[in-house]
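Structure below is start_11.txt: compact mmCIF, C-alpha atoms (C1' of nucleotides).
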```txt
# COMPACT_ATOMS: atom_id res chain seq x y z
CA MET A 75 -12.28 -4.70 20.08
CA ASN A 76 -15.14 -6.80 21.31
CA LEU A 77 -16.03 -9.68 19.03
CA PRO A 78 -16.44 -13.45 19.11
CA PRO A 79 -12.94 -15.00 18.91
CA LEU A 80 -13.42 -16.56 15.47
CA VAL A 81 -14.65 -13.31 14.02
CA GLN A 82 -11.91 -11.39 15.72
CA SER A 83 -9.15 -13.52 14.15
CA PHE A 84 -10.67 -12.98 10.74
CA VAL A 85 -11.08 -9.25 11.24
CA LEU A 86 -7.55 -8.83 12.54
CA HIS A 87 -6.14 -10.78 9.65
CA PHE A 88 -7.96 -8.64 7.10
CA GLY A 89 -6.66 -5.62 8.90
CA GLU A 90 -3.08 -6.80 8.70
CA MET A 91 -3.42 -7.78 5.07
CA GLY A 92 -4.86 -4.37 4.33
CA SER A 93 -1.53 -2.82 3.43
CA ARG A 94 -0.67 -5.62 1.02
CA TRP A 95 -4.04 -5.25 -0.64
CA GLY A 96 -3.61 -1.53 -1.09
CA ILE A 97 -6.30 -0.60 1.42
CA ASN A 98 -5.67 0.37 5.01
CA ARG A 99 -6.14 -1.53 8.19
CA THR A 100 -9.45 -0.04 9.21
CA VAL A 101 -10.99 -0.49 5.79
CA GLY A 102 -9.91 -4.11 5.80
CA GLN A 103 -11.30 -4.72 9.26
CA ILE A 104 -14.62 -3.13 8.50
CA TYR A 105 -14.98 -5.13 5.35
CA ALA A 106 -14.21 -8.36 7.15
CA LEU A 107 -16.71 -7.52 9.85
CA LEU A 108 -19.49 -6.79 7.39
CA PHE A 109 -18.68 -9.88 5.39
CA VAL A 110 -19.25 -12.27 8.28
CA SER A 111 -22.07 -10.40 9.99
CA PRO A 112 -25.45 -12.12 9.80
CA ALA A 113 -27.27 -8.82 9.35
CA PRO A 114 -26.51 -5.27 8.21
CA VAL A 115 -24.52 -3.24 10.72
CA CYS A 116 -24.72 0.45 11.47
CA ALA A 117 -21.74 2.76 11.72
CA GLU A 118 -22.00 3.19 15.46
CA GLU A 119 -21.89 -0.56 15.99
CA ILE A 120 -18.88 -0.90 13.71
CA ALA A 121 -17.04 1.73 15.70
CA GLU A 122 -17.82 -0.07 18.95
CA SER A 123 -17.01 -3.54 17.68
CA LEU A 124 -13.65 -2.48 16.31
CA GLY A 125 -12.84 0.06 18.98
CA ILE A 126 -12.21 2.92 16.56
CA SER A 127 -13.55 6.42 16.26
CA ARG A 128 -16.85 7.16 14.68
CA SER A 129 -15.27 9.48 12.15
CA ASN A 130 -12.79 6.88 11.06
CA VAL A 131 -15.69 4.53 10.39
CA SER A 132 -17.38 7.18 8.33
CA MET A 133 -14.35 7.75 6.14
CA SER A 134 -13.60 4.08 5.75
CA LEU A 135 -17.15 3.29 4.74
CA ARG A 136 -16.91 6.02 2.18
CA GLU A 137 -13.83 4.30 0.82
CA LEU A 138 -15.59 0.94 0.68
CA GLN A 139 -18.49 2.54 -1.10
CA ALA A 140 -16.13 4.00 -3.67
CA TRP A 141 -15.01 0.42 -4.29
CA ASN A 142 -18.63 -0.72 -4.60
CA LEU A 143 -17.88 -3.32 -1.99
CA VAL A 144 -20.69 -2.53 0.43
CA ILE A 145 -24.42 -2.25 0.17
CA LEU A 146 -26.44 0.32 2.03
CA LYS A 147 -29.61 -0.85 3.73
CA HIS A 148 -32.35 0.79 5.72
CA LYS A 149 -34.72 -0.39 8.39
CA PRO A 150 -38.25 0.99 8.56
CA ASP A 151 -38.54 3.83 11.08
CA ASP A 152 -34.82 4.02 11.57
CA ARG A 153 -32.86 6.89 10.09
CA ARG A 154 -29.51 5.20 10.42
CA ASP A 155 -27.62 3.65 7.52
CA PHE A 156 -26.85 -0.05 7.75
CA PHE A 157 -24.16 -1.76 5.73
CA THR A 158 -23.57 -5.22 4.30
CA THR A 159 -21.57 -6.94 1.62
CA PRO A 160 -23.22 -8.74 -1.27
CA GLU A 161 -24.27 -12.31 -0.46
CA ASP A 162 -22.71 -13.88 -3.50
CA VAL A 163 -18.95 -14.28 -3.26
CA TRP A 164 -18.68 -14.52 -7.04
CA GLN A 165 -20.28 -11.14 -7.28
CA ILE A 166 -17.77 -9.82 -4.80
CA LEU A 167 -14.96 -11.26 -6.87
CA ARG A 168 -16.27 -9.58 -9.99
CA THR A 169 -16.48 -6.21 -8.28
CA LEU A 170 -13.03 -6.59 -6.85
CA ALA A 171 -11.59 -7.50 -10.22
CA GLU A 172 -13.33 -4.62 -11.91
CA GLU A 173 -12.23 -2.05 -9.39
CA ARG A 174 -8.67 -3.25 -9.22
CA LYS A 175 -8.44 -3.17 -12.97
CA LYS A 176 -9.80 0.35 -12.99
CA ARG A 177 -7.28 1.52 -10.40
CA GLU A 178 -4.22 -0.60 -11.10
CA VAL A 179 -4.27 -1.42 -14.78
CA ASP A 180 -6.16 1.18 -16.78
CA PRO A 181 -4.01 4.14 -15.78
CA THR A 182 -0.88 2.29 -16.81
CA LEU A 183 -2.42 1.27 -20.08
CA SER A 184 -3.24 4.84 -20.90
CA VAL A 185 0.19 6.12 -19.94
CA LEU A 186 1.75 3.46 -22.13
CA ARG A 187 -0.46 4.39 -25.06
CA GLU A 188 0.43 8.01 -24.65
CA ILE A 189 4.15 7.37 -24.56
CA LEU A 190 3.98 5.03 -27.52
CA MET A 191 2.43 7.79 -29.62
CA GLN A 192 5.53 9.93 -29.29
CA ARG A 193 8.56 9.92 -31.56
CA PRO A 194 11.71 8.57 -29.92
CA ALA A 195 14.51 11.11 -29.98
CA SER A 196 17.40 8.73 -29.37
CA ASP A 197 18.40 5.10 -29.39
CA ALA A 198 17.72 4.87 -25.68
CA GLU A 199 14.19 6.12 -26.24
CA ARG A 200 13.71 3.82 -29.18
CA HIS A 201 14.66 0.85 -27.08
CA ALA A 202 12.52 1.98 -24.18
CA GLN A 203 9.53 2.29 -26.48
CA GLN A 204 10.13 -1.19 -27.77
CA ARG A 205 10.00 -2.55 -24.24
CA MET A 206 6.94 -0.54 -23.35
CA SER A 207 5.25 -1.81 -26.45
CA GLU A 208 5.85 -5.39 -25.30
CA MET A 209 4.35 -4.55 -21.96
CA HIS A 210 1.44 -2.81 -23.61
CA THR A 211 0.69 -5.77 -25.85
CA LEU A 212 0.74 -8.17 -22.94
CA ILE A 213 -1.57 -6.05 -20.81
CA GLU A 214 -3.97 -5.61 -23.70
CA GLN A 215 -4.13 -9.35 -24.23
CA LEU A 216 -4.87 -9.86 -20.57
CA THR A 217 -7.54 -7.20 -20.40
CA HIS A 218 -9.21 -8.46 -23.56
CA TRP A 219 -9.37 -11.88 -22.02
CA TYR A 220 -10.74 -10.39 -18.85
CA GLU A 221 -13.41 -8.34 -20.62
CA ASP A 222 -14.38 -11.51 -22.39
CA VAL A 223 -14.71 -13.89 -19.46
CA LYS A 224 -16.29 -11.39 -17.14
CA GLN A 225 -19.42 -11.54 -19.29
CA LEU A 226 -19.88 -15.23 -18.53
CA GLU A 227 -22.55 -16.32 -16.12
CA THR A 228 -21.16 -17.61 -12.88
CA GLU A 229 -22.08 -21.19 -13.70
CA ARG A 230 -20.04 -21.18 -16.91
CA LEU A 231 -17.20 -19.31 -15.30
CA ALA A 232 -17.00 -21.93 -12.58
CA THR A 233 -16.94 -24.70 -15.17
CA LEU A 234 -14.16 -22.99 -17.04
CA LEU A 235 -12.21 -22.56 -13.82
CA SER A 236 -12.55 -26.15 -12.76
CA LEU A 237 -11.40 -27.33 -16.15
CA GLY A 238 -8.27 -25.27 -15.82
CA ALA A 239 -5.54 -26.27 -18.21
CA LYS A 240 -7.55 -29.22 -19.40
CA VAL A 241 -9.25 -27.01 -21.97
CA THR A 242 -6.08 -27.08 -24.00
CA LYS A 243 -6.39 -30.84 -24.19
CA LEU A 244 -9.84 -30.41 -25.58
CA LEU A 245 -8.63 -27.86 -28.03
CA GLU A 246 -5.91 -30.14 -29.27
CA ALA A 247 -8.41 -32.94 -29.72
CA LYS A 248 -10.72 -30.61 -31.59
CA ASP A 249 -7.89 -29.38 -33.78
CA ARG A 250 -6.90 -32.89 -34.63
CA VAL A 251 -10.38 -33.96 -35.66
CA VAL A 252 -11.94 -30.92 -37.23
CA SER A 253 -9.54 -28.75 -39.15
CA LEU A 254 -11.05 -25.44 -38.15
CA GLY A 255 -7.99 -23.53 -39.21
CA ARG A 256 -6.65 -20.75 -37.08
CA SER A 257 -9.34 -19.33 -34.85
CA ARG A 258 -6.93 -17.09 -33.01
CA ARG A 259 -7.60 -13.43 -33.08
CA PRO A 260 -5.12 -11.53 -35.24
CA ASN A 261 -2.65 -9.89 -32.91
CA PRO A 262 -3.05 -6.10 -32.96
CA ALA A 263 0.45 -5.79 -31.52
CA ASN A 264 1.92 -2.33 -31.46
CA LYS A 265 -0.41 -0.28 -33.55
CA SER A 266 -2.57 1.31 -30.83
CA MET B 43 16.17 12.99 -12.10
CA ASN B 44 18.04 12.99 -15.35
CA LEU B 45 16.52 10.76 -18.00
CA PRO B 46 15.21 10.93 -21.57
CA PRO B 47 11.68 12.38 -21.44
CA LEU B 48 9.93 9.20 -22.59
CA VAL B 49 11.71 7.13 -20.01
CA GLN B 50 11.08 9.72 -17.35
CA SER B 51 7.30 9.67 -17.88
CA PHE B 52 7.32 5.91 -17.58
CA VAL B 53 9.47 5.90 -14.48
CA LEU B 54 7.42 8.58 -12.79
CA HIS B 55 4.21 6.75 -13.55
CA PHE B 56 5.51 3.53 -12.06
CA GLY B 57 6.58 5.47 -9.03
CA GLU B 58 3.13 6.95 -8.55
CA MET B 59 1.43 3.63 -9.09
CA GLY B 60 3.76 2.07 -6.55
CA SER B 61 1.43 2.63 -3.63
CA ARG B 62 -1.51 1.04 -5.45
CA TRP B 63 0.62 -1.95 -6.33
CA GLY B 64 1.72 -2.43 -2.74
CA ILE B 65 5.32 -1.43 -3.40
CA ASN B 66 6.75 1.98 -2.74
CA ARG B 67 7.65 4.77 -5.07
CA THR B 68 11.36 4.12 -5.26
CA VAL B 69 10.95 0.42 -5.87
CA GLY B 70 8.51 1.16 -8.66
CA GLN B 71 10.79 3.70 -10.25
CA ILE B 72 13.81 1.45 -10.14
CA TYR B 73 11.89 -1.39 -11.67
CA ALA B 74 10.62 0.80 -14.47
CA LEU B 75 14.11 2.07 -15.14
CA LEU B 76 15.60 -1.40 -15.34
CA PHE B 77 12.76 -2.61 -17.49
CA VAL B 78 13.39 -0.10 -20.26
CA SER B 79 17.18 0.06 -20.02
CA PRO B 80 19.03 -1.44 -22.95
CA ALA B 81 21.72 -2.89 -20.71
CA PRO B 82 22.17 -3.84 -17.07
CA VAL B 83 22.55 -0.88 -14.73
CA CYS B 84 24.64 -0.56 -11.59
CA ALA B 85 23.41 0.80 -8.29
CA GLU B 86 25.38 4.01 -8.52
CA GLU B 87 23.87 4.81 -11.89
CA ILE B 88 20.36 4.10 -10.62
CA ALA B 89 20.91 6.50 -7.74
CA GLU B 90 22.10 9.21 -10.11
CA SER B 91 19.40 8.67 -12.72
CA LEU B 92 16.63 8.82 -10.17
CA GLY B 93 18.23 11.38 -7.89
CA ILE B 94 17.96 9.29 -4.75
CA SER B 95 20.43 8.16 -2.15
CA ARG B 96 22.70 5.25 -2.67
CA SER B 97 21.38 3.49 0.41
CA ASN B 98 17.83 3.80 -0.72
CA VAL B 99 18.81 2.11 -3.97
CA SER B 100 20.43 -0.68 -2.04
CA MET B 101 17.36 -1.35 0.05
CA SER B 102 14.99 -1.11 -2.87
CA LEU B 103 17.04 -3.50 -4.96
CA ARG B 104 16.96 -5.89 -2.07
CA GLU B 105 13.18 -5.63 -2.12
CA LEU B 106 13.06 -6.27 -5.85
CA GLN B 107 15.30 -9.27 -5.41
CA ALA B 108 12.99 -10.65 -2.77
CA TRP B 109 10.28 -10.45 -5.41
CA ASN B 110 12.52 -12.22 -7.95
CA LEU B 111 11.88 -9.36 -10.28
CA VAL B 112 15.47 -8.46 -11.10
CA ILE B 113 18.44 -10.35 -12.40
CA LEU B 114 21.96 -9.74 -11.20
CA LYS B 115 24.69 -9.51 -13.83
CA HIS B 116 28.42 -9.03 -13.76
CA LYS B 117 30.91 -7.60 -16.19
CA PRO B 118 34.39 -9.08 -16.49
CA ASP B 119 36.93 -7.14 -14.42
CA ASP B 120 34.27 -5.10 -12.72
CA ARG B 121 33.38 -5.78 -9.13
CA ARG B 122 30.10 -3.92 -9.25
CA ASP B 123 26.69 -5.57 -9.45
CA PHE B 124 24.54 -4.77 -12.46
CA PHE B 125 20.81 -5.28 -12.59
CA THR B 126 18.21 -6.06 -15.25
CA THR B 127 14.75 -7.47 -15.58
CA PRO B 128 14.04 -10.65 -17.52
CA GLU B 129 13.65 -10.12 -21.26
CA ASP B 130 10.45 -12.05 -21.61
CA VAL B 131 7.40 -10.15 -20.40
CA TRP B 132 5.48 -13.40 -20.00
CA GLN B 133 8.12 -14.57 -17.60
CA ILE B 134 7.75 -11.35 -15.68
CA LEU B 135 4.02 -11.87 -15.54
CA ARG B 136 4.48 -15.36 -14.14
CA THR B 137 6.84 -14.17 -11.45
CA LEU B 138 4.54 -11.35 -10.52
CA ALA B 139 1.57 -13.67 -10.26
CA GLU B 140 3.51 -16.15 -8.19
CA GLU B 141 4.83 -13.60 -5.75
CA ARG B 142 1.56 -11.81 -5.35
CA LYS B 143 -0.18 -15.07 -4.67
CA LYS B 144 2.44 -15.93 -2.10
CA ARG B 145 2.04 -12.60 -0.32
CA GLU B 146 -1.60 -11.73 -0.85
CA VAL B 147 -3.48 -14.99 -1.10
CA ASP B 148 -1.69 -17.79 0.69
CA PRO B 149 -1.69 -16.18 4.12
CA THR B 150 -5.42 -15.59 3.93
CA LEU B 151 -6.02 -19.13 2.80
CA SER B 152 -4.15 -20.48 5.77
CA VAL B 153 -5.92 -18.21 8.24
CA LEU B 154 -9.25 -19.30 6.80
CA ARG B 155 -8.33 -22.94 7.09
CA GLU B 156 -7.29 -22.46 10.67
CA ILE B 157 -10.48 -20.69 11.65
CA LEU B 158 -12.62 -23.26 9.87
CA MET B 159 -11.06 -26.02 11.97
CA GLN B 160 -12.45 -24.52 15.16
CA ARG B 161 -15.80 -25.22 16.74
CA PRO B 162 -18.21 -22.30 16.63
CA ALA B 163 -19.36 -21.30 20.10
CA SER B 164 -22.44 -19.31 19.11
CA ASP B 165 -24.83 -18.63 16.28
CA ALA B 166 -22.82 -15.60 15.29
CA GLU B 167 -19.70 -17.71 14.99
CA ARG B 168 -21.57 -20.41 13.12
CA HIS B 169 -22.74 -17.89 10.57
CA ALA B 170 -19.31 -16.31 10.30
CA GLN B 171 -17.78 -19.69 9.62
CA GLN B 172 -20.33 -20.33 6.93
CA ARG B 173 -19.31 -17.12 5.17
CA MET B 174 -15.62 -17.82 5.57
CA SER B 175 -16.16 -21.24 4.12
CA GLU B 176 -17.71 -19.69 1.03
CA MET B 177 -14.73 -17.41 0.69
CA HIS B 178 -12.36 -20.29 1.25
CA THR B 179 -14.01 -22.42 -1.42
CA LEU B 180 -13.86 -19.62 -3.94
CA ILE B 181 -10.21 -18.87 -3.29
CA GLU B 182 -9.33 -22.54 -3.54
CA GLN B 183 -11.06 -22.81 -6.88
CA LEU B 184 -9.15 -19.82 -8.14
CA THR B 185 -5.80 -21.03 -6.92
CA HIS B 186 -6.36 -24.50 -8.33
CA TRP B 187 -7.09 -22.95 -11.67
CA TYR B 188 -4.01 -20.81 -11.35
CA GLU B 189 -1.73 -23.73 -10.41
CA ASP B 190 -3.10 -25.49 -13.42
CA VAL B 191 -2.64 -22.85 -16.09
CA LYS B 192 0.70 -21.64 -14.83
CA GLN B 193 2.20 -24.93 -15.99
CA LEU B 194 1.28 -24.18 -19.60
CA GLU B 195 3.93 -23.11 -22.04
CA THR B 196 3.62 -19.52 -23.03
CA GLU B 197 2.44 -20.39 -26.52
CA ARG B 198 -0.52 -22.38 -25.21
CA LEU B 199 -1.27 -19.83 -22.55
CA ALA B 200 -1.45 -17.11 -25.17
CA THR B 201 -3.78 -19.22 -27.28
CA LEU B 202 -6.03 -19.78 -24.32
CA LEU B 203 -6.05 -16.09 -23.55
CA SER B 204 -6.90 -15.03 -27.05
CA LEU B 205 -9.76 -17.47 -27.17
CA GLY B 206 -11.21 -15.94 -24.06
CA ALA B 207 -14.82 -16.82 -23.45
CA LYS B 208 -15.03 -18.59 -26.79
CA VAL B 209 -13.79 -21.77 -25.18
CA THR B 210 -17.19 -22.19 -23.59
CA LYS B 211 -18.70 -22.24 -27.05
CA LEU B 212 -16.36 -25.06 -27.96
CA LEU B 213 -17.21 -26.87 -24.77
CA GLU B 214 -20.91 -26.62 -25.49
CA ALA B 215 -20.37 -27.96 -28.97
CA LYS B 216 -18.28 -30.77 -27.60
CA ASP B 217 -20.90 -31.57 -24.95
CA ARG B 218 -23.59 -31.71 -27.55
CA VAL B 219 -21.70 -34.16 -29.75
CA VAL B 220 -19.77 -36.36 -27.42
CA SER B 221 -21.46 -37.13 -24.13
CA LEU B 222 -18.36 -37.05 -21.98
CA GLY B 223 -20.39 -36.81 -18.81
CA ARG B 224 -19.35 -34.52 -16.02
CA SER B 225 -15.64 -33.85 -16.07
CA ARG B 226 -15.80 -31.26 -13.33
CA ARG B 227 -13.68 -31.84 -10.32
CA PRO B 228 -15.70 -32.82 -7.24
CA ASN B 229 -16.05 -29.78 -5.06
CA PRO B 230 -14.10 -30.18 -1.79
CA ALA B 231 -16.27 -27.48 -0.26
CA ASN B 232 -16.03 -27.00 3.47
CA LYS B 233 -14.14 -30.03 4.64
CA SER B 234 -10.57 -28.65 4.79
C1' DT C 211 48.29 -7.09 6.45
C1' DA C 212 46.69 -2.64 4.80
C1' DG C 213 44.19 -0.30 1.35
C1' DT C 214 40.40 0.41 -1.88
C1' DG C 215 36.01 0.53 -3.65
C1' DA C 216 31.49 -1.66 -3.64
C1' DT C 217 27.70 -2.67 -0.81
C1' DT C 218 24.85 -2.98 3.34
C1' DT C 219 23.14 -1.59 7.71
C1' DC C 220 20.73 1.22 10.72
C1' DA C 221 19.44 5.19 13.75
C1' DG C 222 17.18 9.03 13.19
C1' DA C 223 14.99 12.66 9.85
C1' DA C 224 11.52 13.54 6.59
C1' DA C 225 7.42 12.48 4.36
C1' DT C 226 3.17 10.29 4.13
C1' DT C 227 -0.79 8.05 5.78
C1' DT C 228 -4.10 7.14 9.13
C1' DC C 229 -6.91 8.40 12.89
C1' DT C 230 -9.33 11.39 16.17
C1' DG C 231 -12.29 14.90 18.40
C1' DA C 232 -14.70 18.90 17.76
C1' DA C 233 -17.44 21.43 14.86
C1' DA C 234 -20.36 21.62 10.80
C1' DT C 235 -23.92 19.74 8.01
C1' DC C 236 -27.91 17.31 6.99
C1' DA C 237 -32.59 15.31 7.24
C1' DC C 238 -36.41 15.01 9.30
C1' DA C 239 -40.26 15.74 13.17
C1' DG C 240 -42.78 18.58 15.91
C1' DC D 283 -38.39 27.67 12.72
C1' DT D 284 -36.30 24.65 16.36
C1' DG D 285 -34.62 20.51 18.24
C1' DT D 286 -32.68 15.95 17.70
C1' DG D 287 -29.96 12.44 16.15
C1' DA D 288 -27.27 10.69 12.31
C1' DT D 289 -23.48 11.63 9.45
C1' DT D 290 -19.56 14.12 7.42
C1' DT D 291 -15.73 17.19 7.39
C1' DC D 292 -11.36 18.62 8.54
C1' DA D 293 -7.29 20.42 11.14
C1' DG D 294 -4.05 18.64 13.68
C1' DA D 295 -2.13 14.42 16.45
C1' DA D 296 -0.39 9.91 16.16
C1' DA D 297 1.44 6.20 13.76
C1' DT D 298 3.73 4.30 10.02
C1' DT D 299 6.59 4.21 6.11
C1' DT D 300 10.24 5.84 3.44
C1' DC D 301 14.61 7.88 2.90
C1' DT D 302 19.22 9.51 4.13
C1' DG D 303 24.06 9.93 5.74
C1' DA D 304 27.47 8.00 8.39
C1' DA D 305 29.51 4.01 9.84
C1' DA D 306 30.22 -0.89 9.28
C1' DT D 307 31.01 -4.82 6.46
C1' DC D 308 32.68 -7.25 2.68
C1' DA D 309 35.63 -8.84 -1.16
C1' DC D 310 39.38 -8.46 -3.30
C1' DT D 311 44.41 -6.68 -4.44
C1' DA D 312 48.89 -5.36 -3.73
```

Will you turn the file into structure tokens for me?
Amino acid sequence: MNLPPLVQSFVLHFGEMGSRWGINRTVGQIYALLFVSPAPVCAEEIAESLGISRSNVSMSLRELQAWNLVILKHKPDDRRDFFTTPEDVWQILRTLAEERKKREVDPTLSVLREILMQRPASDAERHAQQRMSEMHTLIEQLTHWYEDVKQLETERLATLLSLGAKVTKLLEAKDRVVSLGRSRRPNPANKS
Amino acid sequence: MNLPPLVQSFVLHFGEMGSRWGINRTVGQIYALLFVSPAPVCAEEIAESLGISRSNVSMSLRELQAWNLVILKHKPDDRRDFFTTPEDVWQILRTLAEERKKREVDPTLSVLREILMQRPASDAERHAQQRMSEMHTLIEQLTHWYEDVKQLETERLATLLSLGAKVTKLLEAKDRVVSLGRSRRPNPANKS
DNA sequence: TAGTGATTTCAGAAATTTCTGAAATCACAG
DNA sequence: CTGTGATTTCAGAAATTTCTGAAATCACTA
């Protein structure tokens, strides 16, 4: 590996974290490299910089593309592919959230739904379904919230973030002054 | 594996998802089993139910304990350890969030901080630092928000969730009526 | 203290994942 | 069509992770 020290630390860290993030070392390293590079990088250069085989780079880039985490660029009169990450870190966050949801949450949601459709054949199964239904409800609440806030423009999202828990204060105040009545969504609970 | 069909589907699914969640199959299966069991389960029974070795159960339970995801129980006049998950799914969610943050976010934050302390020795490093600083700022914003909302009681948290993006509507309304001025936290940006 | 059963440890086996080099494919230019 | 360089594929090698059985440890009782 042949990189400026600062970049190297970052790249190595992303590599090590890879396993915890559910991606592998090389994928993590490549992503880190692209993220801090001032200009798009071609596969050959990635392989050299990280000291890994050309074919490994190819497969890892494919993986990153499946995650929508890299952008493909071209230079005039150059047949090679060059890769970057999006400029905007908020955009990166959105993509990451979307893809993780797709891979880590949605499949579970659909398995839960499927199981909850079935008739329990024993007390054990009845109890298990009850628990799964609690889990299902919670995940649905979370994903509804997510679907909702992901529509927000970055500016508003940032505002919301920086307010943090303080919104509840505002809500209380509001409730006290205007009696809006319950504005909470009715809870769809277990009837999916 | 010898379980009621409904439970078995659930357990198998959690096992398969294991790798995506950054835990392994056995750990996932054990957790799923405990989650839906009507009463605490002992290690021997886990091993039998899942058809895995006793020692594997021991190590996996250790892992789950490191995550604070299981509770140890005892029966009078029985030396064995019995295991469950917390009843409250919200509590489980909080633990999960906390532990994932600890493992997946905090280390990166501290590496970023460390790198950002150093003097760049070239243009490449200067640019890399600029990017890392953007990432650092974003992660800090997210973790601040998280530290903030995790203090909320479950009731309030649920309310907040169900409101979703609608809070911004309220904020706009509020802003229009009362001129509270900027209540956003000053952005600590790159000076860590 | 010796005996019993629960639990943990850990070296190596088994399984899985990651990585490589060689060959195949592809896209384009002459 | 042929040659050239970029890219992908893929079988097997290498590395890593997971799992097991046997032995060790531990906690308690008689």

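Set the cut-off at 6 Å, count only C-alpha atoms, and the residues of chain A near chain B turn out to be Arg94, Gly96, Val110, Ala202, Arg205, Trp219, Asp222, Val223, Leu235, Gly238 and Ala239 of chain A.
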
Would you mind listing, for every residue of chain C within 8 Å of chain B, the two atoms forming the shortest contact and the distance between them in Å to one decimal, using all atoms listed in the file, sorted by chain and ascending residue number, as CSV?
```
residue,atom,partner,partner_atom,distance
C:DA216,C1',B:Arg122,CA,6.2
C:DT217,C1',B:Ser100,CA,7.6
C:DT218,C1',B:Ser100,CA,7.3
```

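CA of Pro128 in chain B is found 9.8 Å from CA of Asn110 in chain B.
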
*asked:* Residues of chain D within 9 Å of chain B, counting all atoms listed in the file - could you list those as a PyMOL selection string?
replied: chain D and resi 300-303+309-310

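A straight line drawn from C1' of DG240 in chain C to CA of Pro150 in chain A is 19.6 Å long.
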
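Going from CA of Arg136 in chain B to CA of Leu111 in chain B covers 10.3 Å.
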
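The residue that comes closest to DA305 in chain D, out of C:DC238, C:DA233, C:DC220, C:DA225 and on the basis of only C-alpha atoms (C1' of nucleotides), is C:DC220.
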
Could you list, as a count of residues only, every residue within 8 Å of Ser91 in chain B, counting all atoms listed in the file and ignoring same-chain residues fewer than 3 positions away?
5

Please, can range 120-134 of chain A be completed to N, CA and C atoms and returned as a PDB file, in the frame of the given file?
```pdb
ATOM      1  N   ILE A 120     -20.201  -0.593  14.258  1.00  0.00           N
ATOM      2  CA  ILE A 120     -18.880  -0.900  13.710  1.00  0.00           C
ATOM      3  C   ILE A 120     -17.799  -0.269  14.584  1.00  0.00           C
ATOM      4  N   ALA A 121     -18.011   1.009  14.887  1.00  0.00           N
ATOM      5  CA  ALA A 121     -17.040   1.730  15.700  1.00  0.00           C
ATOM      6  C   ALA A 121     -16.827   1.030  17.043  1.00  0.00           C
ATOM      7  N   GLU A 122     -17.938   0.627  17.659  1.00  0.00           N
ATOM      8  CA  GLU A 122     -17.820  -0.070  18.950  1.00  0.00           C
ATOM      9  C   GLU A 122     -17.121  -1.415  18.807  1.00  0.00           C
ATOM     10  N   SER A 123     -17.575  -2.196  17.843  1.00  0.00           N
ATOM     11  CA  SER A 123     -17.010  -3.540  17.680  1.00  0.00           C
ATOM     12  C   SER A 123     -15.510  -3.495  17.444  1.00  0.00           C
ATOM     13  N   LEU A 124     -15.070  -2.516  16.657  1.00  0.00           N
ATOM     14  CA  LEU A 124     -13.650  -2.480  16.310  1.00  0.00           C
ATOM     15  C   LEU A 124     -12.852  -1.566  17.228  1.00  0.00           C
ATOM     16  N   GLY A 125     -13.547  -0.841  18.081  1.00  0.00           N
ATOM     17  CA  GLY A 125     -12.840   0.060  18.980  1.00  0.00           C
ATOM     18  C   GLY A 125     -12.133   1.189  18.257  1.00  0.00           C
ATOM     19  N   ILE A 126     -12.791   1.785  17.280  1.00  0.00           N
ATOM     20  CA  ILE A 126     -12.210   2.920  16.560  1.00  0.00           C
ATOM     21  C   ILE A 126     -13.198   4.067  16.556  1.00  0.00           C
ATOM     22  N   SER A 127     -12.700   5.234  16.170  1.00  0.00           N
ATOM     23  CA  SER A 127     -13.550   6.420  16.260  1.00  0.00           C
ATOM     24  C   SER A 127     -14.651   6.405  15.212  1.00  0.00           C
ATOM     25  N   ARG A 128     -15.713   7.069  15.569  1.00  0.00           N
ATOM     26  CA  ARG A 128     -16.850   7.160  14.680  1.00  0.00           C
ATOM     27  C   ARG A 128     -16.483   7.799  13.347  1.00  0.00           C
ATOM     28  N   SER A 129     -15.611   8.783  13.392  1.00  0.00           N
ATOM     29  CA  SER A 129     -15.270   9.480  12.150  1.00  0.00           C
ATOM     30  C   SER A 129     -14.414   8.601  11.237  1.00  0.00           C
ATOM     31  N   ASN A 130     -13.594   7.810  11.856  1.00  0.00           N
ATOM     32  CA  ASN A 130     -12.790   6.880  11.060  1.00  0.00           C
ATOM     33  C   ASN A 130     -13.712   5.902  10.328  1.00  0.00           C
ATOM     34  N   VAL A 131     -14.725   5.430  11.027  1.00  0.00           N
ATOM     35  CA  VAL A 131     -15.690   4.530  10.390  1.00  0.00           C
ATOM     36  C   VAL A 131     -16.339   5.217   9.203  1.00  0.00           C
ATOM     37  N   SER A 132     -16.712   6.450   9.406  1.00  0.00           N
ATOM     38  CA  SER A 132     -17.380   7.180   8.330  1.00  0.00           C
ATOM     39  C   SER A 132     -16.504   7.259   7.081  1.00  0.00           C
ATOM     40  N   MET A 133     -15.252   7.631   7.284  1.00  0.00           N
ATOM     41  CA  MET A 133     -14.350   7.750   6.140  1.00  0.00           C
ATOM     42  C   MET A 133     -14.063   6.403   5.487  1.00  0.00           C
ATOM     43  N   SER A 134     -13.922   5.390   6.301  1.00  0.00           N
ATOM     44  CA  SER A 134     -13.600   4.080   5.750  1.00  0.00           C
ATOM     45  C   SER A 134     -14.775   3.500   4.965  1.00  0.00           C
TER      46      SER A 134
END
```
